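*Asks:* Pasting protein39.pdb here (PDB, C-alpha atoms, pLDDT in the B column):
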ATOM      1  CA  MET A 407      93.458  88.318 121.517  1.00 67.00           C
ATOM      2  CA  GLN A 408      92.676  90.802 124.305  1.00 75.00           C
ATOM      3  CA  ASP A 409      92.892  88.008 126.879  1.00 78.00           C
ATOM      4  CA  ASP A 410      96.344  87.133 125.547  1.00 77.00           C
ATOM      5  CA  ILE A 411      97.468  90.736 125.864  1.00 79.00           C
ATOM      6  CA  TYR A 412      96.215  90.921 129.463  1.00 81.00           C
ATOM      7  CA  LYS A 413      98.062  87.667 130.216  1.00 81.00           C
ATOM      8  CA  LEU A 414     101.258  89.109 128.707  1.00 79.00           C
ATOM      9  CA  SER A 415     100.733  92.201 130.838  1.00 83.00           C
ATOM     10  CA  GLU A 416     100.402  90.077 133.982  1.00 85.00           C
ATOM     11  CA  LEU A 417     103.660  88.329 133.063  1.00 78.00           C
ATOM     12  CA  GLY A 418     105.382  91.687 132.511  1.00 79.00           C
ATOM     13  CA  TYR A 419     105.905  91.373 128.749  1.00 77.00           C
ATOM     14  CA  VAL A 420     103.486  94.158 127.804  1.00 81.00           C
ATOM     15  CA  LYS A 421     102.774  97.467 129.534  1.00 84.00           C
ATOM     16  CA  ILE A 422      99.253  98.870 129.225  1.00 86.00           C
ATOM     17  CA  ARG A 423      98.698 102.596 129.683  1.00 88.00           C
ATOM     18  CA  GLU A 424      95.455 104.515 129.428  1.00 89.00           C
ATOM     19  CA  GLU A 425      95.098 108.046 128.113  1.00 90.00           C
ATOM     20  CA  PRO A 426      91.906 110.085 128.437  1.00 92.00           C
ATOM     21  CA  VAL A 427      89.979 110.932 125.275  1.00 91.00           C
ATOM     22  CA  GLU A 428      88.263 114.314 125.347  1.00 91.00           C
ATOM     23  CA  ASP A 429      85.249 115.497 123.416  1.00 89.00           C
ATOM     24  CA  LEU A 430      86.527 117.993 120.831  1.00 86.00           C
ATOM     25  CA  ILE A 431      83.825 120.540 121.548  1.00 90.00           C
ATOM     26  CA  SER A 432      83.209 120.390 125.292  1.00 92.00           C
ATOM     27  CA  GLY A 433      86.590 119.095 126.442  1.00 89.00           C
ATOM     28  CA  VAL A 434      84.848 116.551 128.679  1.00 93.00           C
ATOM     29  CA  ILE A 435      86.563 113.195 129.028  1.00 93.00           C
ATOM     30  CA  VAL A 436      84.412 110.703 127.104  1.00 92.00           C
ATOM     31  CA  GLY A 437      86.593 107.616 127.459  1.00 91.00           C
ATOM     32  CA  PHE A 438      90.083 106.232 127.536  1.00 88.00           C
ATOM     33  CA  LYS A 439      92.313 104.769 124.868  1.00 88.00           C
ATOM     34  CA  LYS A 440      94.719 101.997 125.716  1.00 85.00           C
ATOM     35  CA  ILE A 441      98.334 102.120 124.667  1.00 83.00           C
ATOM     36  CA  TYR A 442     100.238  98.848 124.569  1.00 81.00           C
ATOM     37  CA  GLU A 443     104.010  98.818 124.839  1.00 79.00           C
ATOM     38  CA  ILE A 444     106.182  95.738 124.571  1.00 73.00           C
ATOM     39  CA  ASN A 445     108.618  95.564 127.460  1.00 71.00           C
ATOM     40  CA  VAL A 446     111.959  95.181 125.690  1.00 64.00           C
ATOM     41  CA  THR A 447     113.813  94.280 128.902  1.00 69.00           C
ATOM     42  CA  PHE A 448     112.216  90.803 128.961  1.00 64.00           C
ATOM     43  CA  ASP A 449     113.558  87.811 127.081  1.00 65.00           C
ATOM     44  CA  LEU A 450     110.879  87.028 124.498  1.00 60.00           C
ATOM     45  CA  SER A 451     112.568  83.780 123.438  1.00 68.00           C
ATOM     46  CA  SER A 452     110.494  81.858 126.000  1.00 67.00           C
ATOM     47  CA  LEU A 453     107.311  82.762 124.085  1.00 68.00           C
ATOM     48  CA  ASP A 454     106.057  81.173 120.881  1.00 74.00           C
ATOM     49  CA  LYS A 455     107.734  82.948 117.935  1.00 76.00           C
ATOM     50  CA  ASN A 456     104.557  83.077 115.838  1.00 76.00           C
ATOM     51  CA  PHE A 457     102.670  84.629 118.737  1.00 72.00           C
ATOM     52  CA  VAL A 458     105.378  87.242 119.357  1.00 70.00           C
ATOM     53  CA  ASP A 459     105.463  88.122 115.647  1.00 76.00           C
ATOM     54  CA  PHE A 460     101.675  88.457 115.549  1.00 74.00           C
ATOM     55  CA  VAL A 461     101.477  90.651 118.653  1.00 70.00           C
ATOM     56  CA  THR A 462     104.361  92.935 117.661  1.00 71.00           C
ATOM     57  CA  GLU A 463     102.890  93.402 114.185  1.00 73.00           C
ATOM     58  CA  LYS A 464      99.245  93.885 115.183  1.00 67.00           C
ATOM     59  CA  LEU A 465      99.799  96.129 118.208  1.00 68.00           C
ATOM     60  CA  LYS A 466     101.383  98.719 115.907  1.00 71.00           C
ATOM     61  CA  MET A 467      98.431  98.566 113.543  1.00 70.00           C
ATOM     62  CA  PRO A 468      95.712 101.255 113.571  1.00 74.00           C
ATOM     63  CA  LEU A 469      92.445 100.026 115.095  1.00 69.00           C
ATOM     64  CA  ASN A 470      90.545 100.166 111.799  1.00 75.00           C
ATOM     65  CA  SER A 471      93.188  97.997 110.109  1.00 80.00           C
ATOM     66  CA  LEU A 472      93.100  95.516 112.980  1.00 76.00           C
ATOM     67  CA  LEU A 473      89.308  95.314 112.770  1.00 79.00           C
ATOM     68  CA  LYS A 474      89.504  94.692 109.013  1.00 84.00           C
ATOM     69  CA  TYR A 475      91.993  91.900 109.665  1.00 83.00           C
ATOM     70  CA  VAL A 476      89.745  90.267 112.268  1.00 82.00           C
ATOM     71  CA  TYR A 477      86.606  90.629 110.126  1.00 85.00           C
ATOM     72  CA  MET A 478      88.343  89.020 107.136  1.00 88.00           C
ATOM     73  CA  LYS A 479      90.064  86.286 109.151  1.00 86.00           C
ATOM     74  CA  TYR A 480      86.997  85.315 111.226  1.00 85.00           C
ATOM     75  CA  PRO A 481      83.907  86.203 109.160  1.00 86.00           C
ATOM     76  CA  GLU A 482      81.755  83.667 111.008  1.00 87.00           C
ATOM     77  CA  TYR A 483      82.031  85.769 114.177  1.00 81.00           C
ATOM     78  CA  THR A 484      81.103  89.028 112.467  1.00 83.00           C
ATOM     79  CA  VAL A 485      77.847  88.026 110.757  1.00 82.00           C
ATOM     80  CA  ASN A 486      75.648  90.002 113.176  1.00 83.00           C
ATOM     81  CA  SER A 487      78.062  92.885 113.667  1.00 82.00           C
ATOM     82  CA  LEU A 488      76.540  96.340 114.010  1.00 79.00           C
ATOM     83  CA  ILE A 489      79.717  98.084 112.851  1.00 77.00           C
ATOM     84  CA  ARG A 490      80.628  95.881 109.880  1.00 79.00           C
ATOM     85  CA  ASP A 491      79.532  98.494 107.308  1.00 81.00           C
ATOM     86  CA  LYS A 492      81.642 101.163 109.010  1.00 77.00           C
ATOM     87  CA  ILE A 493      84.778  99.008 108.838  1.00 73.00           C
ATOM     88  CA  PHE A 494      84.626  98.256 105.112  1.00 72.00           C
TER
END
What do you get writing this file as structure tokens?
*Replies:*
Amino acid sequence: MQDDIYKLSELGYVKIREEPVEDLISGVIVGFKKIYEINVTFDLSSLDKNFVDFVTEKLKMPLNSLLKYVYMKYPEYTVNSLIRDKIF
């Protein structure tokens, strides 16, 4: 799915912004979170409707909910996951 989002970004359908994430105690930047915004000025009718529906629904979903969805939809890819217990 991430490859699809990057492709949509290259085509101008999705904007990707990064915001720094700071450690609560030290205030040091420990990473970045990505924010995906659908560019409403583009005509989405040229894209597959099911794909557009999926992306618009899932990009608004909290990360934990998205991970649960992926783990339930594709269990064969999550067998050796180190974070599986944290998700459920």
*Asks:* So what does the PyMOL selection byres ((chain A and resi 459-476) around 12) actually pick up in this one, as a ChimeraX atom specification?
*Replies:* /A:407-408,410-411,414,419-422,439-446,450-451,453-458,477-484,487,489-494
*Asks:* Rounded to one decimal place, report the atom CA of A:Phe438-atom CA of A:Tyr412 distance in Å.
*Replies:*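 Atom-to-atom, atom CA of A:Phe438 and atom CA of A:Tyr412 are spaced 16.6 Å apart.
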*Asks:* Grab the atom CA of A:Asp409 to atom CA of A:Val427 distance for me, in Å with one decimal place.
*Replies:*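 Distance between the two atoms: 23.2 Å.
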*Asks:* For atom CA of A:Glu425 and atom CA of A:Leu488, quote the distance in Å rounded to one decimal.
*Replies:* 26.1 Å
